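Data file: final-v6.cif. Format and content: mmCIF, C-alpha atoms.
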```
data_query
#
loop_
_atom_site.group_PDB
_atom_site.id
_atom_site.type_symbol
_atom_site.label_atom_id
_atom_site.label_comp_id
_atom_site.auth_asym_id
_atom_site.auth_seq_id
_atom_site.Cartn_x
_atom_site.Cartn_y
_atom_site.Cartn_z
ATOM 1 C CA MET A 1184 4.125 -11.218 23.012
ATOM 2 C CA LEU A 1185 4.732 -14.582 24.704
ATOM 3 C CA ASN A 1186 6.939 -15.737 21.815
ATOM 4 C CA LEU A 1187 8.860 -12.470 22.015
ATOM 5 C CA LEU A 1188 9.442 -13.002 25.739
ATOM 6 C CA ARG A 1189 10.585 -16.579 25.189
ATOM 7 C CA THR A 1190 12.936 -15.434 22.453
ATOM 8 C CA GLY A 1191 14.427 -12.779 24.722
ATOM 9 C CA LEU A 1192 14.925 -15.241 27.583
ATOM 10 C CA LEU A 1193 16.553 -17.803 25.291
ATOM 11 C CA ILE A 1194 18.964 -15.286 23.803
ATOM 12 C CA ALA A 1195 19.752 -13.994 27.302
ATOM 13 C CA ALA A 1196 20.479 -17.540 28.523
ATOM 14 C CA LEU A 1197 22.797 -18.290 25.602
ATOM 15 C CA THR A 1198 24.521 -14.916 26.021
ATOM 16 C CA ALA A 1199 25.076 -15.711 29.708
ATOM 17 C CA MET A 1200 26.632 -19.054 28.721
ATOM 18 C CA PHE A 1201 28.864 -17.155 26.326
ATOM 19 C CA MET A 1202 30.014 -14.910 29.188
ATOM 20 C CA VAL A 1203 30.617 -17.875 31.513
ATOM 21 C CA VAL A 1204 32.888 -19.417 28.883
ATOM 22 C CA GLY A 1205 34.674 -16.076 28.625
ATOM 23 C CA TYR A 1206 35.161 -16.009 32.408
ATOM 24 C CA PHE A 1207 36.765 -19.451 32.493
ATOM 25 C CA ILE A 1208 39.030 -18.455 29.625
ATOM 26 C CA GLY A 1209 40.072 -14.959 30.691
ATOM 27 C CA GLY A 1210 38.475 -14.014 34.006
ATOM 28 C CA ARG A 1211 36.739 -10.622 34.184
ATOM 29 C CA THR A 1212 38.390 -9.473 31.009
ATOM 30 C CA GLY A 1213 37.128 -12.603 29.326
ATOM 31 C CA ILE A 1214 33.570 -11.809 30.434
ATOM 32 C CA ALA A 1215 33.735 -8.351 28.874
ATOM 33 C CA ILE A 1216 35.180 -9.674 25.628
ATOM 34 C CA ALA A 1217 32.655 -12.521 25.488
ATOM 35 C CA PHE A 1218 29.773 -10.090 26.030
ATOM 36 C CA LEU A 1219 30.934 -7.909 23.160
ATOM 37 C CA VAL A 1220 31.386 -10.953 20.927
ATOM 38 C CA ALA A 1221 27.923 -12.228 21.877
ATOM 39 C CA LEU A 1222 26.395 -8.825 21.143
ATOM 40 C CA GLY A 1223 28.096 -8.730 17.746
ATOM 41 C CA THR A 1224 27.018 -12.305 17.025
ATOM 42 C CA ASN A 1225 23.387 -11.480 17.870
ATOM 43 C CA LEU A 1226 23.395 -8.433 15.600
ATOM 44 C CA PHE A 1227 25.019 -10.382 12.778
ATOM 45 C CA ALA A 1228 22.572 -13.252 13.205
ATOM 46 C CA TYR A 1229 19.570 -10.914 13.162
ATOM 47 C CA TRP A 1230 20.502 -9.376 9.826
ATOM 48 C CA ASN A 1231 22.469 -12.088 8.029
ATOM 49 C CA ALA A 1232 21.971 -15.535 9.576
ATOM 50 C CA ASP A 1233 19.168 -16.540 7.186
ATOM 51 C CA ARG A 1234 21.419 -16.078 4.155
ATOM 52 C CA MET A 1235 24.292 -17.790 5.954
ATOM 53 C CA VAL A 1236 22.118 -20.794 6.897
ATOM 54 C CA LEU A 1237 20.802 -21.194 3.347
ATOM 55 C CA ARG A 1238 24.320 -20.986 1.945
ATOM 56 C CA MET A 1239 25.679 -23.527 4.433
ATOM 57 C CA GLN A 1240 22.895 -25.956 3.537
ATOM 58 C CA ASN A 1241 23.619 -25.506 -0.197
ATOM 59 C CA ALA A 1242 20.098 -24.221 -0.835
ATOM 60 C CA ARG A 1243 19.326 -22.632 -4.198
ATOM 61 C CA GLU A 1244 16.482 -20.226 -4.862
ATOM 62 C CA VAL A 1245 13.769 -21.195 -7.347
ATOM 63 C CA ASP A 1246 10.976 -19.222 -8.949
ATOM 64 C CA VAL A 1247 7.835 -19.787 -10.965
ATOM 65 C CA ALA A 1248 9.876 -20.463 -14.104
ATOM 66 C CA SER A 1249 11.946 -23.260 -12.577
ATOM 67 C CA ALA A 1250 9.474 -24.715 -10.049
ATOM 68 C CA PRO A 1251 5.911 -23.641 -10.958
ATOM 69 C CA ASP A 1252 4.055 -26.357 -9.017
ATOM 70 C CA LEU A 1253 6.041 -25.756 -5.831
ATOM 71 C CA VAL A 1254 5.733 -21.967 -6.077
ATOM 72 C CA ARG A 1255 1.975 -22.214 -6.606
ATOM 73 C CA LEU A 1256 1.596 -24.532 -3.609
ATOM 74 C CA VAL A 1257 3.662 -22.296 -1.315
ATOM 75 C CA GLY A 1258 1.733 -19.252 -2.509
ATOM 76 C CA ASP A 1259 -1.642 -20.874 -1.776
ATOM 77 C CA LEU A 1260 -0.510 -22.009 1.678
ATOM 78 C CA ALA A 1261 0.964 -18.594 2.531
ATOM 79 C CA GLN A 1262 -2.330 -16.983 1.541
ATOM 80 C CA ARG A 1263 -4.268 -19.382 3.764
ATOM 81 C CA ALA A 1264 -1.874 -18.602 6.635
ATOM 82 C CA GLY A 1265 -2.205 -14.837 6.117
ATOM 83 C CA LEU A 1266 1.492 -14.483 5.333
ATOM 84 C CA PRO A 1267 3.425 -12.696 2.593
ATOM 85 C CA MET A 1268 4.984 -14.927 -0.051
ATOM 86 C CA PRO A 1269 8.317 -16.263 1.239
ATOM 87 C CA ARG A 1270 11.382 -16.910 -0.889
ATOM 88 C CA ILE A 1271 11.578 -20.561 -1.922
ATOM 89 C CA TYR A 1272 14.726 -22.700 -1.969
ATOM 90 C CA ILE A 1273 15.564 -26.278 -2.857
ATOM 91 C CA ILE A 1274 18.330 -28.224 -1.106
ATOM 92 C CA ASP A 1275 19.935 -30.751 -3.420
ATOM 93 C CA THR A 1276 19.895 -33.836 -1.181
ATOM 94 C CA ASP A 1277 17.996 -37.096 -1.439
ATOM 95 C CA GLN A 1278 17.036 -36.917 2.235
ATOM 96 C CA PRO A 1279 13.444 -35.628 2.471
ATOM 97 C CA ASN A 1280 13.432 -32.634 4.810
ATOM 98 C CA ALA A 1281 12.624 -28.928 5.043
ATOM 99 C CA PHE A 1282 13.200 -25.837 7.166
ATOM 100 C CA ALA A 1283 12.262 -22.154 7.301
ATOM 101 C CA THR A 1284 14.394 -19.167 8.178
ATOM 102 C CA GLY A 1285 14.246 -15.371 8.258
ATOM 103 C CA ARG A 1286 14.031 -12.642 10.888
ATOM 104 C CA ASN A 1287 10.312 -11.929 10.242
ATOM 105 C CA PRO A 1288 7.478 -12.950 7.884
ATOM 106 C CA GLN A 1289 8.435 -10.195 5.439
ATOM 107 C CA ASN A 1290 11.947 -11.635 5.078
ATOM 108 C CA ALA A 1291 11.186 -15.340 5.348
ATOM 109 C CA ALA A 1292 12.424 -18.234 3.253
ATOM 110 C CA VAL A 1293 11.246 -21.831 3.027
ATOM 111 C CA ALA A 1294 13.690 -24.520 1.891
ATOM 112 C CA VAL A 1295 12.671 -28.036 0.880
ATOM 113 C CA SER A 1296 14.946 -30.841 -0.254
ATOM 114 C CA SER A 1297 14.798 -32.398 -3.688
ATOM 115 C CA GLY A 1298 14.296 -35.719 -1.896
ATOM 116 C CA LEU A 1299 11.144 -34.352 -0.265
ATOM 117 C CA LEU A 1300 9.636 -33.536 -3.648
ATOM 118 C CA ARG A 1301 10.606 -36.922 -5.067
ATOM 119 C CA ARG A 1302 9.509 -39.110 -2.171
ATOM 120 C CA LEU A 1303 6.335 -37.451 -0.866
ATOM 121 C CA GLN A 1304 2.866 -37.019 -2.305
ATOM 122 C CA PRO A 1305 1.693 -33.464 -2.991
ATOM 123 C CA ASN A 1306 -0.681 -33.368 -0.003
ATOM 124 C CA GLU A 1307 2.198 -34.512 2.235
ATOM 125 C CA VAL A 1308 4.452 -31.795 0.808
ATOM 126 C CA ALA A 1309 1.661 -29.304 1.537
ATOM 127 C CA GLY A 1310 1.579 -30.425 5.170
ATOM 128 C CA VAL A 1311 5.346 -30.026 5.525
ATOM 129 C CA ILE A 1312 5.347 -26.540 4.002
ATOM 130 C CA ALA A 1313 2.380 -25.517 6.167
ATOM 131 C CA HIS A 1314 4.385 -26.650 9.217
ATOM 132 C CA GLU A 1315 7.291 -24.430 8.151
ATOM 133 C CA LEU A 1316 4.985 -21.480 7.469
ATOM 134 C CA THR A 1317 3.677 -21.854 11.026
ATOM 135 C CA HIS A 1318 7.241 -21.346 12.260
ATOM 136 C CA VAL A 1319 7.335 -18.172 10.155
ATOM 137 C CA LYS A 1320 3.950 -17.007 11.505
ATOM 138 C CA HIS A 1321 5.013 -17.612 15.116
ATOM 139 C CA ARG A 1322 8.374 -15.926 14.405
ATOM 140 C CA ASP A 1323 10.175 -19.062 15.504
ATOM 141 C CA THR A 1324 12.555 -18.686 12.582
ATOM 142 C CA LEU A 1325 14.406 -15.765 14.173
ATOM 143 C CA THR A 1326 14.841 -17.656 17.441
ATOM 144 C CA MET A 1327 15.914 -20.881 15.738
ATOM 145 C CA THR A 1328 18.431 -19.097 13.523
ATOM 146 C CA ILE A 1329 19.958 -17.005 16.323
ATOM 147 C CA THR A 1330 20.227 -19.987 18.678
ATOM 148 C CA ALA A 1331 21.948 -22.015 15.972
ATOM 149 C CA THR A 1332 24.465 -19.191 15.487
ATOM 150 C CA LEU A 1333 25.072 -18.648 19.211
ATOM 151 C CA ALA A 1334 25.319 -22.367 20.009
ATOM 152 C CA GLY A 1335 27.927 -22.794 17.300
ATOM 153 C CA ALA A 1336 29.800 -19.701 18.513
ATOM 154 C CA ILE A 1337 29.856 -20.981 22.111
ATOM 155 C CA SER A 1338 31.439 -24.228 20.955
ATOM 156 C CA MET A 1339 34.067 -22.377 18.931
ATOM 157 C CA LEU A 1340 34.840 -19.980 21.803
ATOM 158 C CA ALA A 1341 35.369 -22.835 24.263
ATOM 159 C CA GLN A 1342 37.718 -24.651 21.889
ATOM 160 C CA PHE A 1343 39.503 -21.402 21.042
ATOM 161 C CA GLY A 1344 40.155 -20.720 24.724
ATOM 162 C CA LEU A 1345 41.648 -24.155 25.354
ATOM 163 C CA PHE A 1346 43.769 -24.024 22.218
ATOM 164 C CA PHE A 1347 45.265 -20.660 23.173
ATOM 165 C CA GLY A 1348 45.953 -21.599 26.756
ATOM 166 C CA GLY A 1349 42.900 -20.184 28.507
ATOM 167 C CA GLY A 1350 43.413 -22.682 31.294
ATOM 168 C CA ASN A 1351 46.699 -20.992 32.255
ATOM 169 C CA ASN A 1352 45.041 -17.613 32.881
ATOM 170 C CA ARG A 1353 45.510 -16.662 36.539
ATOM 171 C CA ASN A 1354 41.947 -15.301 36.669
ATOM 172 C CA ASN A 1355 40.526 -18.694 35.793
ATOM 173 C CA PRO A 1356 39.327 -20.176 39.135
ATOM 174 C CA LEU A 1357 39.784 -23.782 38.029
ATOM 175 C CA GLY A 1358 42.860 -23.419 35.869
ATOM 176 C CA GLY A 1359 43.349 -25.983 33.122
ATOM 177 C CA ILE A 1360 40.562 -28.162 34.490
ATOM 178 C CA GLY A 1361 38.102 -25.269 34.127
ATOM 179 C CA ALA A 1362 39.094 -24.658 30.514
ATOM 180 C CA LEU A 1363 38.821 -28.346 29.737
ATOM 181 C CA LEU A 1364 35.377 -28.534 31.353
ATOM 182 C CA MET A 1365 34.222 -25.571 29.288
ATOM 183 C CA VAL A 1366 35.165 -27.335 26.071
ATOM 184 C CA PHE A 1367 32.696 -30.097 26.858
ATOM 185 C CA LEU A 1368 30.097 -28.556 29.155
ATOM 186 C CA ALA A 1369 29.473 -25.181 27.487
ATOM 187 C CA PRO A 1370 28.485 -26.581 24.068
ATOM 188 C CA LEU A 1371 26.456 -29.289 25.816
ATOM 189 C CA ALA A 1372 24.547 -26.754 27.912
ATOM 190 C CA ALA A 1373 23.884 -24.579 24.867
ATOM 191 C CA ALA A 1374 22.674 -27.595 22.899
ATOM 192 C CA MET A 1375 20.343 -28.687 25.705
ATOM 193 C CA VAL A 1376 18.700 -25.234 25.834
ATOM 194 C CA GLN A 1377 18.495 -25.176 22.057
ATOM 195 C CA MET A 1378 16.943 -28.641 21.862
ATOM 196 C CA ALA A 1379 14.416 -28.125 24.655
ATOM 197 C CA VAL A 1380 13.048 -24.995 22.986
ATOM 198 C CA SER A 1381 13.010 -26.648 19.574
ATOM 199 C CA ARG A 1382 10.937 -29.614 20.770
ATOM 200 C CA THR A 1383 8.170 -27.443 22.230
ATOM 201 C CA ARG A 1384 7.958 -25.368 19.068
ATOM 202 C CA GLU A 1385 7.691 -28.448 16.841
ATOM 203 C CA TYR A 1386 4.437 -29.558 18.453
ATOM 204 C CA ALA A 1387 2.960 -26.078 18.005
ATOM 205 C CA ALA A 1388 4.105 -25.969 14.369
ATOM 206 C CA ASP A 1389 2.589 -29.408 13.712
ATOM 207 C CA ARG A 1390 -0.789 -28.154 14.938
ATOM 208 C CA GLY A 1391 -0.514 -24.947 12.946
ATOM 209 C CA GLY A 1392 0.557 -26.849 9.838
ATOM 210 C CA ALA A 1393 -2.414 -29.186 10.195
ATOM 211 C CA GLU A 1394 -4.792 -26.256 10.457
ATOM 212 C CA ILE A 1395 -3.302 -24.355 7.506
ATOM 213 C CA SER A 1396 -3.193 -27.371 5.204
ATOM 214 C CA GLY A 1397 -6.456 -28.796 6.531
ATOM 215 C CA ASP A 1398 -4.993 -32.309 6.478
ATOM 216 C CA PRO A 1399 -3.221 -33.396 9.686
ATOM 217 C CA LEU A 1400 -3.010 -37.019 8.554
ATOM 218 C CA ALA A 1401 -1.050 -36.004 5.454
ATOM 219 C CA LEU A 1402 1.474 -34.229 7.689
ATOM 220 C CA ALA A 1403 1.596 -37.296 9.948
ATOM 221 C CA SER A 1404 2.270 -39.490 6.923
ATOM 222 C CA ALA A 1405 4.992 -37.108 5.744
ATOM 223 C CA LEU A 1406 6.716 -37.184 9.152
ATOM 224 C CA GLY A 1407 6.749 -40.983 9.092
ATOM 225 C CA LYS A 1408 8.343 -41.061 5.646
ATOM 226 C CA ILE A 1409 10.870 -38.352 6.503
ATOM 227 C CA ASP A 1410 11.894 -40.082 9.734
ATOM 228 C CA SER A 1411 12.341 -43.432 7.992
ATOM 229 C CA ALA A 1412 14.404 -41.958 5.162
ATOM 230 C CA ALA A 1413 16.557 -39.848 7.509
ATOM 231 C CA ARG A 1414 17.836 -43.037 9.124
ATOM 232 C CA GLN A 1415 19.251 -44.181 5.796
ATOM 233 C CA THR A 1416 20.098 -40.999 3.881
ATOM 234 C CA ILE A 1417 22.941 -38.567 4.594
ATOM 235 C CA ASN A 1418 22.297 -34.823 4.412
ATOM 236 C CA ILE A 1419 25.813 -33.513 3.809
ATOM 237 C CA GLY A 1420 25.007 -29.861 4.526
ATOM 238 C CA ALA A 1421 23.410 -30.747 7.866
ATOM 239 C CA GLU A 1422 26.197 -33.139 8.858
ATOM 240 C CA ARG A 1423 28.756 -30.384 8.305
ATOM 241 C CA ASN A 1424 26.738 -27.926 10.421
ATOM 242 C CA PRO A 1425 25.046 -29.954 13.189
ATOM 243 C CA ALA A 1426 24.161 -26.829 15.216
ATOM 244 C CA MET A 1427 21.471 -26.177 12.598
ATOM 245 C CA ALA A 1428 19.807 -29.585 12.891
ATOM 246 C CA HIS A 1429 16.978 -28.221 15.060
ATOM 247 C CA MET A 1430 15.829 -25.969 12.216
ATOM 248 C CA TYR A 1431 14.669 -28.892 10.072
ATOM 249 C CA ILE A 1432 11.194 -30.407 10.405
ATOM 250 C CA ALA A 1433 12.880 -33.699 11.381
ATOM 251 C CA ASN A 1434 16.366 -34.406 12.688
ATOM 252 C CA PRO A 1435 18.602 -34.520 9.588
ATOM 253 C CA LEU A 1436 21.561 -36.079 11.439
ATOM 254 C CA HIS A 1437 19.960 -39.387 12.370
ATOM 255 C CA GLY A 1438 16.565 -41.013 12.743
ATOM 256 C CA LEU A 1439 16.811 -41.802 16.443
ATOM 257 C CA GLY A 1440 14.440 -39.266 17.967
ATOM 258 C CA SER A 1441 13.191 -39.997 21.461
ATOM 259 C CA ASP A 1442 11.928 -37.318 23.829
ATOM 260 C CA ASN A 1443 15.004 -36.710 25.962
ATOM 261 C CA LEU A 1444 17.365 -33.822 26.656
ATOM 262 C CA PHE A 1445 19.648 -34.818 23.789
ATOM 263 C CA SER A 1446 17.090 -34.992 20.975
ATOM 264 C CA THR A 1447 16.555 -32.016 18.680
ATOM 265 C CA HIS A 1448 12.963 -33.010 17.967
ATOM 266 C CA PRO A 1449 10.111 -34.827 19.692
ATOM 267 C CA SER A 1450 9.840 -38.470 18.739
ATOM 268 C CA THR A 1451 8.059 -38.994 15.442
ATOM 269 C CA GLU A 1452 5.685 -41.476 17.071
ATOM 270 C CA ASN A 1453 4.549 -38.841 19.580
ATOM 271 C CA ARG A 1454 4.116 -36.212 16.875
ATOM 272 C CA ILE A 1455 2.050 -38.586 14.731
ATOM 273 C CA ALA A 1456 -0.126 -39.454 17.736
ATOM 274 C CA GLU A 1457 -0.774 -35.761 18.387
ATOM 275 C CA LEU A 1458 -1.657 -35.180 14.727
ATOM 276 C CA GLN A 1459 -4.106 -38.071 14.842
ATOM 277 C CA LYS A 1460 -5.798 -36.382 17.816
ATOM 278 C CA ILE A 1461 -5.905 -33.123 15.864
ATOM 279 C CA ALA A 1462 -7.465 -34.956 12.915
ATOM 280 C CA ALA A 1463 -10.221 -36.206 15.206
ATOM 281 C CA GLU A 1464 -10.776 -32.666 16.504
ATOM 282 C CA MET A 1465 -10.912 -31.227 13.001
ATOM 283 C CA GLY A 1466 -13.394 -33.870 11.946
ATOM 284 C CA GLU A 1467 -15.690 -32.758 14.740
ATOM 285 C CA THR A 1468 -15.265 -28.986 14.457
ATOM 286 C CA GLY A 1469 -15.130 -28.645 10.671
ATOM 287 C CA TYR A 1470 -11.875 -26.894 9.824
ATOM 288 C CA SER A 1471 -11.056 -25.511 6.373
ATOM 289 C CA GLN A 1472 -10.916 -27.674 3.263
ATOM 290 C CA PRO A 1473 -7.661 -29.615 2.902
ATOM 291 C CA MET A 1474 -5.060 -28.477 0.391
ATOM 292 C CA HIS A 1475 -5.291 -31.765 -1.481
ATOM 293 C CA ALA A 1476 -8.583 -30.504 -2.896
ATOM 294 C CA ASN A 1477 -6.309 -28.557 -5.249
ATOM 295 C CA PHE A 1478 -3.254 -30.833 -5.124
ATOM 296 C CA ALA A 1479 -4.617 -34.350 -5.372
ATOM 297 C CA PRO A 1480 -2.396 -37.104 -3.924
ATOM 298 C CA ASN A 1481 -0.700 -39.323 -6.436
ATOM 299 C CA ALA A 1482 1.926 -42.017 -6.304
ATOM 300 C CA ALA A 1483 4.906 -40.729 -4.332
ATOM 301 C CA GLY A 1484 6.528 -37.909 -6.260
ATOM 302 C CA ALA A 1485 3.946 -37.869 -9.033
ATOM 303 C CA GLY A 1486 3.259 -34.365 -10.245
ATOM 304 C CA TRP A 1487 6.469 -33.044 -8.699
ATOM 305 C CA ARG A 1488 9.441 -32.467 -10.930
ATOM 306 C CA VAL A 1489 12.651 -31.302 -9.355
ATOM 307 C CA PRO A 1490 14.592 -28.452 -11.025
ATOM 308 C CA GLN A 1491 17.991 -29.356 -12.433
ATOM 309 C CA PHE A 1492 20.893 -27.189 -11.272
ATOM 310 C CA SER A 1493 24.114 -26.374 -13.020
ATOM 311 C CA GLU A 1494 27.169 -27.642 -11.126
ATOM 312 C CA ASP A 1495 29.089 -24.502 -12.138
ATOM 313 C CA ASP A 1496 26.789 -21.843 -10.691
ATOM 314 C CA ASP A 1497 23.811 -21.264 -8.446
ATOM 315 C CA THR A 1498 21.317 -20.660 -11.252
ATOM 316 C CA PRO A 1499 18.404 -23.080 -11.355
ATOM 317 C CA HIS A 1500 17.862 -24.462 -14.843
ATOM 318 C CA ARG A 1501 14.493 -25.552 -15.988
ATOM 319 C CA GLY A 1502 14.308 -29.297 -15.695
ATOM 320 C CA PRO A 1503 11.548 -31.673 -16.732
ATOM 321 C CA TRP A 1504 8.804 -29.344 -15.513
ATOM 322 C CA GLY A 1505 6.970 -29.368 -18.823
#
```
As structure tokens - that is how I would like this structure written.
Amino acid sequence: MLNLLRTGLLIAALTAMFMVVGYFIGGRTGIAIAFLVALGTNLFAYWNADRMVLRMQNAREVDVASAPDLVRLVGDLAQRAGLPMPRIYIIDTDQPNAFATGRNPQNAAVAVSSGLLRRLQPNEVAGVIAHELTHVKHRDTLTMTITATLAGAISMLAQFGLFFGGGNNRNNPLGGIGALLMVFLAPLAAAMVQMAVSRTREYAADRGGAEISGDPLALASALGKIDSAARQTINIGAERNPAMAHMYIANPLHGLGSDNLFSTHPSTENRIAELQKIAAEMGETGYSQPMHANFAPNAAGAGWRVPQFSEDDDTPHRGPWG
């Protein structure tokens, strides 16, 4: 219920920002038009944003034939979390990262990068996927997807208004200055709301992921590796669609993540410190057996083979999976 309330308040805040932009572009008429556009955007995002996000990140669906180890791991983790089996996607990028999407647990999808499977040990991959399944369980995925869509739409609306002379509208109280301010301030305000909510949810998902996987230190290790690699590796899909950066487990745009209003995620150092505290708690209270009882850690990437994709279509072809 609390998550539902937070989701409603967030969507209401972003919708209000949408209407403010409309007011500075077209006065009262602009408010009405912006409200209708926001309503349509929310409805579209609810039903279609998950597919749109996956497509924009160049994610391709895999199954037990093309990725048996990954599918088995996700299935085991979903069972431990009490969730239905999500759809599984792989993003063809060397940057290790992952995200989840979907309007509810019955329509969820988990996407991991090929770089994640190559660079991380199986128990670390398990921790990352458990983190994403926690987002699904808490229904964060709907909020994160809708906010990404609305934040991007607010930016486009502000630029659209300036381009088509919104500042000359006689109903605009600040004239051209107001339209110009909206171009910069509206997207910034939307991003700040988006980022603040994302940071709080990441800590909760880290704890949930640690509990589902049973190995908080593996998740901590994974976050350290992901953060280090993100500083050096470009994720083309994320760079083209920066409004979706908050959906990833770690910022895919850069590795500079300090806890301030302009960061999409908490700092990795703070997240690792919290996971170390959770590990101490779990050692004392006796949580469930860690996933690496079934997926023993190896050298980085050992045991994980990444499916090979055809460049001409979206069909995953069986690679060196044995």
Practice task
For the file shown, report as a ChimeraX atom specification the outcome of the PyMOL selection byres ((chain A and resi 1297-1299) around 8) at residue level.
Solution key: /A:1273-1281,1295-1296,1300-1303,1308,1409,1489
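Interatomic distance, CA of Arg1238 (chain A) to CA of Arg1263 (chain A): 28.7 Å.
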Practice task
To one decimal in Å, tell me the separation between CA of Ala1292 (chain A) and CA of Ile1271 (chain A).
Solution key: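 A separation of 5.7 Å between them.
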Which region 1226-1270 of chain A residues have any atom within 12 Å of an atom of region 1191-1214 of chain A, and for each, what is the nearest pair of atoms with distance in Å to one decimal, counting only C-alpha atoms, rows sorted by chain and number, as CSV?
```
residue,atom,partner,partner_atom,distance
A:Leu1226,CA,A:Ile1194,CA,11.6
A:Ala1228,CA,A:Ile1194,CA,11.4
A:Tyr1229,CA,A:Ile1194,CA,11.5
```
Practice task
Give me the result of the PyMOL selection byres ((chain A and resi 1398-1408) around 10) on this file, residue by residue, as a VMD selection string.
Solution key: chain A and resid 1279 to 1280 1299 1302 to 1314 1389 to 1397 1409 to 1413 1432 to 1433 1451 to 1452 1454 to 1463 1465 1470 to 1475 1480
Practice task
Taking the file above as input, evaluate the PyMOL selection byres ((chain A and resi 1332) around 9) and report the hits as a ChimeraX atom specification.
Solution key: /A:1224-1225,1228,1232,1327-1331,1333-1337,1426-1427
Practice task
Using CA of His1448 (chain A) and CA of Glu1385 (chain A) as the two end points, give the distance in Å to one decimal.
Solution key: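 For CA of His1448 (chain A) relative to CA of Glu1385 (chain A), the distance reads 7.1 Å.
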Handout entry: Selected residue of minimal separation from Asn1241 (chain A) among A:Arg1414, A:Arg1423, A:His1321, A:Arg1286, counting all atoms listed in the file
Key =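 Looking at the shortest contact to Asn1241 (chain A), the residue is A:Arg1423.
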Write region 1214-1229 of chain A as a JSON list (two decimals), in the coordinates of the input, completed to N, CA and C atoms.
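Dumped to rebuild-v6.json:
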```
[["chain", "number", "residue", "atom", "x", "y", "z"],
["A", 1214, "ILE", "N", 35.02, -12.07, 30.42],
["A", 1214, "ILE", "CA", 33.57, -11.81, 30.43],
["A", 1214, "ILE", "C", 33.23, -10.63, 29.53],
["A", 1215, "ALA", "N", 34.00, -9.55, 29.67],
["A", 1215, "ALA", "CA", 33.74, -8.35, 28.87],
["A", 1215, "ALA", "C", 33.88, -8.64, 27.38],
["A", 1216, "ILE", "N", 34.95, -9.36, 27.03],
["A", 1216, "ILE", "CA", 35.18, -9.67, 25.63],
["A", 1216, "ILE", "C", 34.07, -10.59, 25.10],
["A", 1217, "ALA", "N", 33.70, -11.59, 25.91],
["A", 1217, "ALA", "CA", 32.66, -12.52, 25.49],
["A", 1217, "ALA", "C", 31.32, -11.80, 25.30],
["A", 1218, "PHE", "N", 31.02, -10.84, 26.17],
["A", 1218, "PHE", "CA", 29.77, -10.09, 26.03],
["A", 1218, "PHE", "C", 29.75, -9.31, 24.72],
["A", 1219, "LEU", "N", 30.86, -8.67, 24.41],
["A", 1219, "LEU", "CA", 30.93, -7.91, 23.16],
["A", 1219, "LEU", "C", 30.82, -8.83, 21.94],
["A", 1220, "VAL", "N", 31.48, -9.99, 22.03],
["A", 1220, "VAL", "CA", 31.39, -10.95, 20.93],
["A", 1220, "VAL", "C", 29.96, -11.46, 20.78],
["A", 1221, "ALA", "N", 29.30, -11.75, 21.91],
["A", 1221, "ALA", "CA", 27.92, -12.23, 21.88],
["A", 1221, "ALA", "C", 27.00, -11.17, 21.29],
["A", 1222, "LEU", "N", 27.21, -9.92, 21.67],
["A", 1222, "LEU", "CA", 26.40, -8.82, 21.14],
["A", 1222, "LEU", "C", 26.57, -8.72, 19.64],
["A", 1223, "GLY", "N", 27.83, -8.78, 19.19],
["A", 1223, "GLY", "CA", 28.10, -8.73, 17.75],
["A", 1223, "GLY", "C", 27.50, -9.92, 17.01],
["A", 1224, "THR", "N", 27.58, -11.10, 17.64],
["A", 1224, "THR", "CA", 27.02, -12.30, 17.02],
["A", 1224, "THR", "C", 25.51, -12.19, 16.88],
["A", 1225, "ASN", "N", 24.84, -11.66, 17.93],
["A", 1225, "ASN", "CA", 23.39, -11.48, 17.87],
["A", 1225, "ASN", "C", 22.99, -10.52, 16.75],
["A", 1226, "LEU", "N", 23.71, -9.41, 16.65],
["A", 1226, "LEU", "CA", 23.40, -8.43, 15.60],
["A", 1226, "LEU", "C", 23.62, -9.03, 14.22],
["A", 1227, "PHE", "N", 24.74, -9.74, 14.07],
["A", 1227, "PHE", "CA", 25.02, -10.38, 12.78],
["A", 1227, "PHE", "C", 23.94, -11.40, 12.45],
["A", 1228, "ALA", "N", 23.57, -12.22, 13.44],
["A", 1228, "ALA", "CA", 22.57, -13.25, 13.20],
["A", 1228, "ALA", "C", 21.23, -12.65, 12.82],
["A", 1229, "TYR", "N", 20.86, -11.54, 13.45],
["A", 1229, "TYR", "CA", 19.57, -10.91, 13.16],
["A", 1229, "TYR", "C", 19.48, -10.50, 11.70]]
```
